[in-house]
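See below for start.cif, which holds mmCIF, C-alpha atoms.
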```cif
data_run
loop_
_atom_site.group_PDB
_atom_site.id
_atom_site.type_symbol
_atom_site.label_atom_id
_atom_site.label_comp_id
_atom_site.auth_asym_id
_atom_site.auth_seq_id
_atom_site.Cartn_x
_atom_site.Cartn_y
_atom_site.Cartn_z
ATOM 1 C CA MET Z 1 88.575 108.517 145.555
ATOM 2 C CA ALA Z 2 89.763 112.069 145.723
ATOM 3 C CA VAL Z 3 88.287 115.512 145.565
ATOM 4 C CA ARG Z 4 90.611 118.021 143.941
ATOM 5 C CA PRO Z 5 90.292 121.474 142.373
ATOM 6 C CA ALA Z 6 89.083 121.407 138.790
ATOM 7 C CA THR Z 7 91.544 122.515 136.117
ATOM 8 C CA ALA Z 8 91.202 123.548 132.487
ATOM 9 C CA ALA Z 9 92.012 119.944 131.562
ATOM 10 C CA ASP Z 10 88.717 118.864 133.187
ATOM 11 C CA ALA Z 11 86.557 120.823 130.751
ATOM 12 C CA ASP Z 12 85.395 117.764 128.762
ATOM 13 C CA ALA Z 13 84.638 115.790 131.911
ATOM 14 C CA LEU Z 14 82.767 118.718 133.468
ATOM 15 C CA TRP Z 15 80.670 119.295 130.386
ATOM 16 C CA ALA Z 16 79.798 115.582 130.238
ATOM 17 C CA ILE Z 17 78.316 116.005 133.732
ATOM 18 C CA LEU Z 18 76.780 119.455 133.341
ATOM 19 C CA LYS Z 19 75.206 118.940 129.933
ATOM 20 C CA PRO Z 20 72.594 116.283 130.754
ATOM 21 C CA ALA Z 21 71.524 118.071 133.940
ATOM 22 C CA ILE Z 22 71.210 121.431 132.175
ATOM 23 C CA ARG Z 23 69.408 119.958 129.162
ATOM 24 C CA ALA Z 24 66.971 118.055 131.414
ATOM 25 C CA GLY Z 25 66.130 121.269 133.296
ATOM 26 C CA GLU Z 26 64.716 119.424 136.286
ATOM 27 C CA THR Z 27 67.082 120.362 139.094
ATOM 28 C CA TYR Z 28 68.873 123.641 138.347
ATOM 29 C CA ALA Z 29 67.382 127.002 137.403
ATOM 30 C CA LEU Z 30 69.655 127.371 134.399
ATOM 31 C CA ASP Z 31 68.830 128.063 130.776
ATOM 32 C CA ARG Z 32 68.391 124.617 129.220
ATOM 33 C CA ASP Z 33 69.954 125.874 126.005
ATOM 34 C CA MET Z 34 73.222 127.022 127.595
ATOM 35 C CA THR Z 35 76.233 126.342 125.434
ATOM 36 C CA ARG Z 36 79.218 124.419 126.692
ATOM 37 C CA GLU Z 37 81.144 127.688 127.006
ATOM 38 C CA GLN Z 38 78.358 129.361 128.989
ATOM 39 C CA ALA Z 39 77.962 126.355 131.258
ATOM 40 C CA LEU Z 40 81.667 126.093 132.013
ATOM 41 C CA ALA Z 41 81.908 129.858 132.562
ATOM 42 C CA TYR Z 42 79.050 129.586 135.058
ATOM 43 C CA TRP Z 43 80.251 126.480 136.906
ATOM 44 C CA CYS Z 44 83.880 127.583 137.018
ATOM 45 C CA GLY Z 45 83.242 131.322 137.498
ATOM 46 C CA THR Z 46 85.736 133.508 139.291
ATOM 47 C CA ASP Z 47 83.326 133.777 142.237
ATOM 48 C CA LYS Z 48 83.563 130.017 142.768
ATOM 49 C CA GLN Z 49 85.991 127.327 143.824
ATOM 50 C CA THR Z 50 85.234 124.345 141.597
ATOM 51 C CA PHE Z 51 86.141 120.780 142.488
ATOM 52 C CA VAL Z 52 85.966 117.368 140.840
ATOM 53 C CA PHE Z 53 85.361 114.033 142.489
ATOM 54 C CA GLU Z 54 87.620 111.530 140.787
ATOM 55 C CA GLU Z 55 88.033 107.779 140.929
ATOM 56 C CA ALA Z 56 90.336 105.487 138.940
ATOM 57 C CA ASP Z 57 87.843 105.391 136.087
ATOM 58 C CA GLY Z 58 87.433 109.140 135.820
ATOM 59 C CA VAL Z 59 85.548 112.134 137.092
ATOM 60 C CA LEU Z 60 82.231 111.105 138.666
ATOM 61 C CA GLY Z 61 81.072 114.384 140.095
ATOM 62 C CA THR Z 62 81.743 118.066 140.522
ATOM 63 C CA TYR Z 63 80.797 120.780 142.945
ATOM 64 C CA TYR Z 64 81.433 124.447 143.549
ATOM 65 C CA LEU Z 65 81.850 126.396 146.760
ATOM 66 C CA ARG Z 66 81.443 130.143 147.002
ATOM 67 C CA ALA Z 67 80.372 132.922 149.328
ATOM 68 C CA ASN Z 68 76.596 133.140 148.966
ATOM 69 C CA GLN Z 69 76.557 136.927 149.279
ATOM 70 C CA ALA Z 70 79.117 139.717 149.297
ATOM 71 C CA GLY Z 71 79.704 142.256 152.056
ATOM 72 C CA GLY Z 72 77.795 141.514 155.248
ATOM 73 C CA GLY Z 73 76.629 138.184 153.834
ATOM 74 C CA GLY Z 74 80.090 136.829 153.066
ATOM 75 C CA HIS Z 75 80.267 134.477 156.065
ATOM 76 C CA VAL Z 76 77.642 132.124 154.597
ATOM 77 C CA CYS Z 77 78.668 129.859 151.738
ATOM 78 C CA ASN Z 78 76.747 128.189 148.950
ATOM 79 C CA CYS Z 79 77.459 125.043 146.962
ATOM 80 C CA GLY Z 80 76.139 123.284 143.888
ATOM 81 C CA TYR Z 81 76.732 119.604 143.157
ATOM 82 C CA MET Z 82 76.344 117.458 140.071
ATOM 83 C CA THR Z 83 76.945 113.737 139.639
ATOM 84 C CA ALA Z 84 77.716 112.023 136.352
ATOM 85 C CA PRO Z 85 74.643 110.174 135.055
ATOM 86 C CA HIS Z 86 76.414 106.796 135.097
ATOM 87 C CA ALA Z 87 77.506 107.303 138.724
ATOM 88 C CA THR Z 88 74.213 108.087 140.450
ATOM 89 C CA GLY Z 89 73.329 106.017 143.501
ATOM 90 C CA LYS Z 90 76.982 105.411 144.437
ATOM 91 C CA GLY Z 91 77.200 108.018 147.168
ATOM 92 C CA VAL Z 92 79.089 110.537 145.057
ATOM 93 C CA ALA Z 93 76.918 113.475 146.119
ATOM 94 C CA ARG Z 94 77.202 112.385 149.728
ATOM 95 C CA GLN Z 95 80.988 112.346 149.577
ATOM 96 C CA MET Z 96 81.088 115.689 147.787
ATOM 97 C CA CYS Z 97 78.775 117.241 150.361
ATOM 98 C CA ALA Z 98 80.902 115.940 153.235
ATOM 99 C CA ASP Z 99 84.002 117.323 151.536
ATOM 100 C CA SER Z 100 82.378 120.701 150.930
ATOM 101 C CA LEU Z 101 81.296 121.018 154.562
ATOM 102 C CA ASP Z 102 84.860 120.294 155.690
ATOM 103 C CA ARG Z 103 86.333 122.826 153.277
ATOM 104 C CA ALA Z 104 83.766 125.468 154.138
ATOM 105 C CA ARG Z 105 84.425 125.033 157.845
ATOM 106 C CA ALA Z 106 88.177 125.173 157.287
ATOM 107 C CA GLN Z 107 87.756 128.408 155.347
ATOM 108 C CA GLY Z 108 85.900 129.973 158.249
ATOM 109 C CA PHE Z 109 82.382 130.078 156.841
ATOM 110 C CA HIS Z 110 79.727 130.119 159.561
ATOM 111 C CA ALA Z 111 76.990 128.343 157.626
ATOM 112 C CA MET Z 112 76.104 126.778 154.284
ATOM 113 C CA GLN Z 113 72.938 127.679 152.392
ATOM 114 C CA PHE Z 114 71.305 126.187 149.309
ATOM 115 C CA ASN Z 115 69.166 128.874 147.721
ATOM 116 C CA PHE Z 116 67.013 126.963 145.304
ATOM 117 C CA VAL Z 117 66.490 123.233 145.832
ATOM 118 C CA VAL Z 118 63.676 122.065 143.567
ATOM 119 C CA SER Z 119 61.173 120.388 145.863
ATOM 120 C CA THR Z 120 60.589 117.478 143.483
ATOM 121 C CA ASN Z 121 64.291 116.608 143.695
ATOM 122 C CA THR Z 122 63.480 114.354 146.642
ATOM 123 C CA ARG Z 123 66.735 112.414 146.511
ATOM 124 C CA ALA Z 124 68.711 115.623 147.001
ATOM 125 C CA VAL Z 125 66.364 116.972 149.662
ATOM 126 C CA ALA Z 126 66.638 113.742 151.649
ATOM 127 C CA LEU Z 127 70.419 113.805 151.400
ATOM 128 C CA TRP Z 128 70.690 117.392 152.602
ATOM 129 C CA GLN Z 129 68.346 116.672 155.497
ATOM 130 C CA CYS Z 130 70.539 113.691 156.365
ATOM 131 C CA PHE Z 131 73.464 116.118 156.567
ATOM 132 C CA GLY Z 132 71.580 118.319 158.995
ATOM 133 C CA PHE Z 133 70.248 120.955 156.627
ATOM 134 C CA ALA Z 134 66.986 122.559 157.714
ATOM 135 C CA GLU Z 135 64.349 124.127 155.520
ATOM 136 C CA VAL Z 136 64.504 127.854 156.258
ATOM 137 C CA GLY Z 137 62.433 128.903 153.291
ATOM 138 C CA ARG Z 138 59.917 127.604 150.789
ATOM 139 C CA LEU Z 139 59.518 129.578 147.559
ATOM 140 C CA PRO Z 140 55.987 129.034 146.277
ATOM 141 C CA LEU Z 141 55.803 127.650 142.732
ATOM 142 C CA ALA Z 142 59.236 129.125 142.029
ATOM 143 C CA PHE Z 143 60.333 126.445 139.548
ATOM 144 C CA ASP Z 144 58.709 125.468 136.268
ATOM 145 C CA HIS Z 145 59.466 121.756 136.074
ATOM 146 C CA PRO Z 146 59.357 120.228 132.575
ATOM 147 C CA ALA Z 147 57.219 117.318 133.797
ATOM 148 C CA HIS Z 148 55.498 118.548 136.962
ATOM 149 C CA GLY Z 149 54.786 122.180 136.098
ATOM 150 C CA PHE Z 150 55.176 124.869 138.756
ATOM 151 C CA VAL Z 151 56.603 123.424 141.957
ATOM 152 C CA ASP Z 152 58.077 124.941 145.111
ATOM 153 C CA ALA Z 153 61.772 125.462 145.660
ATOM 154 C CA LEU Z 154 63.370 125.174 149.077
ATOM 155 C CA VAL Z 155 65.996 127.197 150.884
ATOM 156 C CA LEU Z 156 68.129 124.874 153.024
ATOM 157 C CA HIS Z 157 70.609 125.904 155.688
ATOM 158 C CA ARG Z 158 72.971 124.465 158.224
ATOM 159 C CA ALA Z 159 75.417 126.039 160.611
ATOM 160 C CA LEU Z 160 79.056 124.894 160.367
ATOM 161 C CA MET L 1 57.191 162.515 139.315
ATOM 162 C CA ALA L 2 58.217 159.976 136.748
ATOM 163 C CA VAL L 3 59.920 156.645 136.649
ATOM 164 C CA ARG L 4 62.031 156.156 133.531
ATOM 165 C CA PRO L 5 64.821 153.828 132.422
ATOM 166 C CA ALA L 6 68.259 154.908 133.626
ATOM 167 C CA THR L 7 70.731 156.042 130.999
ATOM 168 C CA ALA L 8 74.474 156.559 130.965
ATOM 169 C CA ALA L 9 73.797 160.233 131.754
ATOM 170 C CA ASP L 10 72.414 159.175 135.153
ATOM 171 C CA ALA L 11 75.715 157.740 136.362
ATOM 172 C CA ASP L 12 76.519 160.618 138.743
ATOM 173 C CA ALA L 13 73.006 160.648 140.178
ATOM 174 C CA LEU L 14 73.019 156.874 140.615
ATOM 175 C CA TRP L 15 76.362 156.861 142.356
ATOM 176 C CA ALA L 16 75.189 159.653 144.676
ATOM 177 C CA ILE L 17 72.406 157.284 145.780
ATOM 178 C CA LEU L 18 74.321 154.000 145.750
ATOM 179 C CA LYS L 19 77.477 155.228 147.471
ATOM 180 C CA PRO L 20 76.092 156.073 150.927
ATOM 181 C CA ALA L 21 74.050 152.852 151.090
ATOM 182 C CA ILE L 22 77.004 150.707 150.032
ATOM 183 C CA ARG L 23 79.462 152.464 152.350
ATOM 184 C CA ALA L 24 77.053 152.152 155.308
ATOM 185 C CA GLY L 25 76.702 148.400 154.695
ATOM 186 C CA GLU L 26 73.494 148.138 156.684
ATOM 187 C CA THR L 27 70.930 147.121 154.075
ATOM 188 C CA TYR L 28 72.612 145.433 151.102
ATOM 189 C CA ALA L 29 74.989 142.467 151.074
ATOM 190 C CA LEU L 30 77.521 144.284 148.922
ATOM 191 C CA ASP L 31 81.207 144.899 149.463
ATOM 192 C CA ARG L 32 81.364 148.212 151.337
ATOM 193 C CA ASP L 33 84.545 149.134 149.462
ATOM 194 C CA MET L 34 83.025 148.782 145.991
ATOM 195 C CA THR L 35 84.278 151.403 143.580
ATOM 196 C CA ARG L 36 81.937 153.625 141.630
ATOM 197 C CA GLU L 37 82.604 151.543 138.519
ATOM 198 C CA GLN L 38 81.873 148.261 140.312
ATOM 199 C CA ALA L 39 78.709 149.628 141.871
ATOM 200 C CA LEU L 40 77.356 150.971 138.590
ATOM 201 C CA ALA L 41 78.277 147.736 136.800
ATOM 202 C CA TYR L 42 76.343 145.817 139.451
ATOM 203 C CA TRP L 43 73.284 148.070 139.605
ATOM 204 C CA CYS L 44 73.058 148.515 135.829
ATOM 205 C CA GLY L 45 74.161 145.010 134.856
ATOM 206 C CA THR L 46 72.978 143.425 131.622
ATOM 207 C CA ASP L 47 70.783 141.040 133.642
ATOM 208 C CA LYS L 48 68.812 144.026 134.987
ATOM 209 C CA GLN L 49 66.426 146.741 133.862
ATOM 210 C CA THR L 50 67.425 149.830 135.825
ATOM 211 C CA PHE L 51 65.085 152.750 136.472
ATOM 212 C CA VAL L 52 65.294 156.170 138.103
ATOM 213 C CA PHE L 53 62.598 157.998 139.993
ATOM 214 C CA GLU L 54 62.838 161.628 139.035
ATOM 215 C CA GLU L 55 61.189 164.818 140.193
ATOM 216 C CA ALA L 56 61.754 168.415 139.127
ATOM 217 C CA ASP L 57 64.693 168.721 141.498
ATOM 218 C CA GLY L 58 66.444 165.614 140.298
ATOM 219 C CA VAL L 59 66.755 161.870 140.731
ATOM 220 C CA LEU L 60 65.427 160.792 144.127
ATOM 221 C CA GLY L 61 65.578 157.041 143.795
ATOM 222 C CA THR L 62 66.500 154.090 141.647
ATOM 223 C CA TYR L 63 65.497 150.482 141.323
ATOM 224 C CA TYR L 64 66.275 147.469 139.213
ATOM 225 C CA LEU L 65 64.037 144.684 137.953
ATOM 226 C CA ARG L 66 65.333 141.337 136.740
ATOM 227 C CA ALA L 67 64.450 137.673 136.515
ATOM 228 C CA ASN L 68 65.435 136.177 139.856
ATOM 229 C CA GLN L 69 66.626 132.913 138.325
ATOM 230 C CA ALA L 70 67.303 131.593 134.835
ATOM 231 C CA GLY L 71 65.678 128.578 133.201
ATOM 232 C CA GLY L 72 62.780 127.125 135.146
ATOM 233 C CA GLY L 73 62.954 130.010 137.634
ATOM 234 C CA GLY L 74 62.605 132.786 135.064
ATOM 235 C CA HIS L 75 58.950 133.553 135.801
ATOM 236 C CA VAL L 76 59.772 135.090 139.205
ATOM 237 C CA CYS L 77 61.346 138.535 139.271
ATOM 238 C CA ASN L 78 63.518 140.327 141.782
ATOM 239 C CA CYS L 79 63.998 144.016 142.497
ATOM 240 C CA GLY L 80 66.319 146.223 144.485
ATOM 241 C CA TYR L 81 65.470 149.785 145.515
ATOM 242 C CA MET L 82 67.503 152.690 146.822
ATOM 243 C CA THR L 83 66.364 156.158 147.820
ATOM 244 C CA ALA L 84 68.578 159.252 147.913
ATOM 245 C CA PRO L 85 69.515 160.102 151.511
ATOM 246 C CA HIS L 86 67.921 163.542 151.303
ATOM 247 C CA ALA L 87 64.643 162.055 150.022
ATOM 248 C CA THR L 88 63.887 159.423 152.653
ATOM 249 C CA GLY L 89 60.457 159.525 154.242
ATOM 250 C CA LYS L 90 58.798 161.038 151.168
ATOM 251 C CA GLY L 91 57.269 157.847 149.809
ATOM 252 C CA VAL L 92 59.872 157.385 147.096
ATOM 253 C CA ALA L 93 60.374 153.678 147.821
ATOM 254 C CA ARG L 94 56.626 153.197 147.941
ATOM 255 C CA GLN L 95 56.166 154.751 144.507
ATOM 256 C CA MET L 96 59.066 152.781 143.069
ATOM 257 C CA CYS L 97 57.683 149.535 144.468
ATOM 258 C CA ALA L 98 54.251 150.235 143.009
ATOM 259 C CA ASP L 99 55.851 151.007 139.648
ATOM 260 C CA SER L 100 57.957 147.854 139.728
ATOM 261 C CA LEU L 101 54.942 145.659 140.501
ATOM 262 C CA ASP L 102 53.084 147.159 137.528
ATOM 263 C CA ARG L 103 56.031 146.649 135.197
ATOM 264 C CA ALA L 104 56.670 143.123 136.406
ATOM 265 C CA ARG L 105 53.029 142.198 135.909
ATOM 266 C CA ALA L 106 53.014 143.763 132.434
ATOM 267 C CA GLN L 107 56.091 141.743 131.537
ATOM 268 C CA GLY L 108 54.366 138.521 132.502
ATOM 269 C CA PHE L 109 56.204 137.662 135.684
ATOM 270 C CA HIS L 110 54.164 135.458 138.027
ATOM 271 C CA ALA L 111 55.660 136.683 141.287
ATOM 272 C CA MET L 112 58.224 139.009 142.838
ATOM 273 C CA GLN L 113 60.765 137.830 145.373
ATOM 274 C CA PHE L 114 63.245 139.724 147.555
ATOM 275 C CA ASN L 115 66.055 137.327 148.426
ATOM 276 C CA PHE L 116 67.836 139.073 151.241
ATOM 277 C CA VAL L 117 66.006 141.730 153.249
ATOM 278 C CA VAL L 118 68.045 142.547 156.337
ATOM 279 C CA SER L 119 65.691 141.992 159.276
ATOM 280 C CA THR L 120 66.818 145.150 161.063
ATOM 281 C CA ASN L 121 65.725 147.219 158.058
ATOM 282 C CA THR L 122 62.314 147.521 159.660
ATOM 283 C CA ARG L 123 61.183 150.456 157.525
ATOM 284 C CA ALA L 124 61.653 148.382 154.378
ATOM 285 C CA VAL L 125 60.123 145.243 155.885
ATOM 286 C CA ALA L 126 57.028 147.187 156.931
ATOM 287 C CA LEU L 127 56.695 148.705 153.468
ATOM 288 C CA TRP L 128 56.951 145.345 151.709
ATOM 289 C CA GLN L 129 54.401 143.837 154.070
ATOM 290 C CA CYS L 130 52.125 146.764 153.292
ATOM 291 C CA PHE L 131 52.449 145.821 149.614
ATOM 292 C CA GLY L 132 51.363 142.263 150.354
ATOM 293 C CA PHE L 133 54.735 140.570 150.533
ATOM 294 C CA ALA L 134 54.856 137.535 152.792
ATOM 295 C CA GLU L 135 57.863 136.144 154.603
ATOM 296 C CA VAL L 136 58.610 132.824 152.888
ATOM 297 C CA GLY L 137 62.035 132.383 154.414
ATOM 298 C CA ARG L 138 64.204 133.526 157.288
ATOM 299 C CA LEU L 139 67.960 133.083 156.898
ATOM 300 C CA PRO L 140 69.449 132.704 160.367
ATOM 301 C CA LEU L 141 72.172 135.235 161.192
ATOM 302 C CA ALA L 142 72.859 135.644 157.501
ATOM 303 C CA PHE L 143 73.899 139.306 157.661
ATOM 304 C CA ASP L 144 76.759 140.837 159.623
ATOM 305 C CA HIS L 145 75.397 144.267 160.477
ATOM 306 C CA PRO L 146 77.995 146.947 161.294
ATOM 307 C CA ALA L 147 76.096 148.002 164.416
ATOM 308 C CA HIS L 148 73.958 145.019 165.411
ATOM 309 C CA GLY L 149 76.257 142.109 164.567
ATOM 310 C CA PHE L 150 74.821 138.941 163.033
ATOM 311 C CA VAL L 151 71.125 139.355 162.267
ATOM 312 C CA ASP L 152 68.615 137.371 160.215
ATOM 313 C CA ALA L 153 67.753 138.143 156.619
ATOM 314 C CA LEU L 154 64.274 137.583 155.207
ATOM 315 C CA VAL L 155 63.017 136.177 151.928
ATOM 316 C CA LEU L 156 59.850 138.031 150.913
ATOM 317 C CA HIS L 157 57.438 137.011 148.161
ATOM 318 C CA ARG L 158 54.230 138.065 146.556
ATOM 319 C CA ALA L 159 52.277 136.736 143.599
ATOM 320 C CA LEU L 160 51.503 139.172 140.784
#
```

I'd like the structure from this file rewritten - as structure tokens, please.
Amino acid sequence: MAVRPATAADADALWAILKPAIRAGETYALDRDMTREQALAYWCGTDKQTFVFEEADGVLGTYYLRANQAGGGGHVCNCGYMTAPHATGKGVARQMCADSLDRARAQGFHAMQFNFVVSTNTRAVALWQCFGFAEVGRLPLAFDHPAHGFVDALVLHRAL
Amino acid sequence: MAVRPATAADADALWAILKPAIRAGETYALDRDMTREQALAYWCGTDKQTFVFEEADGVLGTYYLRANQAGGGGHVCNCGYMTAPHATGKGVARQMCADSLDRARAQGFHAMQFNFVVSTNTRAVALWQCFGFAEVGRLPLAFDHPAHGFVDALVLHRAL
């Protein structure tokens, strides 16, 4: 496997990953009706470094890395990860997270923060805890889940 | 006094308020070198409703109100407030906060969240606590303060 920067040629592969997650609306606070163009503009925005996780049979995941804040907050980074629906349970997110921590450390970031982890996304929460992330905030009823209604979102953090 | 929506004619007054706060870099995680155009584009962005607090002698403060997240997070709002340097200590922030809570409630938001309150900004923290905001997160050493070095930032929340 390899993690490499996303290019314009990855647009179809990225949208194939982003679309089901955005349409489901269960894990990201994004407009469920986002168009392909809006989604790609968001995920590959100029404030972000966007990567793809690729194996012989194609792109299985994608993540972005960015400074979480500007100015005096620029030493803390933020990432978002998405795995292709047909590749869940294969450790793709785990490998992307490990890669992102390495890159963030190499770039001199002091810490990584996830701003809005939906508390019902227990698979993700467990993975981040496994990587040493601690809950530094709990946002009461901050996410309107399509199936569960209003649920908390978590702020997770780890030093690098 | 009156709080009214900002217009293009307020650009000079807004910049007179934004500039010293941005250049000082002690309260907002914004690039201290932002140009006037960048600062106004940020503060009056299309994702925000921007207001000015005006008295007979001019604009004394400004704040913005926006949805804090898209999609399933759109029912929680976020605000940012700035007071003109010559008007501090006159209750301008207090009146703007009260106004913003009323507007947010009228617009149907369920809660208001401040994502990044610099912990050394004790005047602001005390004011938000006075308005019923609770600390729902503490971001360790998330802000590089020009005088105090790395200090925590707080996530504050109140239901509406």

Each chain Z residue no farther than 8 Å from chain L, nearest pair in Å, all atoms listed in the file, as a Markdown table:
```
| residue | atom | partner | partner_atom | distance |
| --- | --- | --- | --- | --- |
| Z:Gly25 | CA | L:Gly72 | CA | 7.0 |
| Z:Tyr28 | CA | L:Gly72 | CA | 7.7 |
| Z:Ala29 | CA | L:Gly71 | CA | 4.8 |
| Z:Leu30 | CA | L:Gly71 | CA | 4.3 |
| Z:Asp31 | CA | L:Gly71 | CA | 4.0 |
| Z:Arg32 | CA | L:Gly71 | CA | 6.2 |
| Z:Gln69 | CA | L:Ala29 | CA | 6.0 |
| Z:Ala70 | CA | L:Leu30 | CA | 4.9 |
| Z:Gly71 | CA | L:Asp31 | CA | 4.0 |
| Z:Gly72 | CA | L:Asp144 | CA | 4.5 |
| Z:Gly73 | CA | L:Phe143 | CA | 4.8 |
| Z:Gly74 | CA | L:Ala29 | CA | 7.9 |
| Z:His75 | CA | L:Ala142 | CA | 7.6 |
| Z:Val76 | CA | L:Ala142 | CA | 6.6 |
| Z:Val136 | CA | L:Gly137 | CA | 5.5 |
| Z:Gly137 | CA | L:Gly137 | CA | 3.7 |
| Z:Arg138 | CA | L:Val136 | CA | 5.8 |
| Z:Leu139 | CA | L:Val136 | CA | 6.3 |
| Z:Ala142 | CA | L:Gly73 | CA | 5.8 |
| Z:Phe143 | CA | L:Gly73 | CA | 4.8 |
| Z:Asp144 | CA | L:Gly72 | CA | 4.5 |
| Z:His145 | CA | L:Gly72 | CA | 6.4 |
| Z:Val155 | CA | L:Gly137 | CA | 7.4 |
| Z:His157 | CA | L:Leu139 | CA | 7.7 |
```

When the PyMOL selection byres ((chain Z and resi 55) around 12) is applied to the file above, which residues end up in the set, as a PyMOL selection string?
-> chain Z and resi 1-4+52-54+56-61+87+90+92

Kindly indicate which residue among Z:Tyr63, Z:Tyr42, Z:Trp15, Z:Phe133 lies nearest to Gln95 (chain Z), using only C-alpha atoms for the distances.
->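 Smallest separation from Gln95 (chain Z) among the options: Z:Tyr63.
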
Taking every listed atom of region 115-124 of chain Z and adding 4 Å to each side, what centre and edge lengths in Å (one decimal) does the axis-aligned box have, as AutoDock Vina command-line options?
```
--center_x 64.9 --center_y 120.6 --center_z 145.6 --size_x 16.6 --size_y 24.5 --size_z 12.2
```

Given the file shown, enumerate the residues that the PyMOL selection byres ((chain L and resi 5) around 6) captures and present them as a list in words.
-> Arg4, Ala6, Thr50 and Phe51 of chain L

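Against this structure, the PyMOL selection byres ((chain Z and resi 128-131) around 9) ends up with Arg94, Cys97, Ala98, Arg123, Ala124, Val125, Ala126, Leu127, Gly132, Phe133, Ala134, Glu135, Leu156 and Arg158 of chain Z.
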
Grab the CA of His148 (chain Z) to CA of Ala24 (chain Z) distance for me, in Å with one decimal place.
->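 Separation of CA of His148 (chain Z) and CA of Ala24 (chain Z): 12.8 Å.
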
In Å and to one decimal, CA of Ala93 (chain Z) is distant from CA of Cys79 (chain Z) by 11.6 Å

How many Å lie between CA of Leu65 (chain L) and CA of Ala104 (chain L), rounded to one decimal?
->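 If I compute the distance from CA of Leu65 (chain L) to CA of Ala104 (chain L), I get 7.7 Å.
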
Compare L:Gly45, L:Gly108, L:Pro85, L:Gly80 by their minimum atom-to-atom distance to Ala13 (chain L), counting all atoms listed in the file, and give me the closest one.
-> L:Pro85
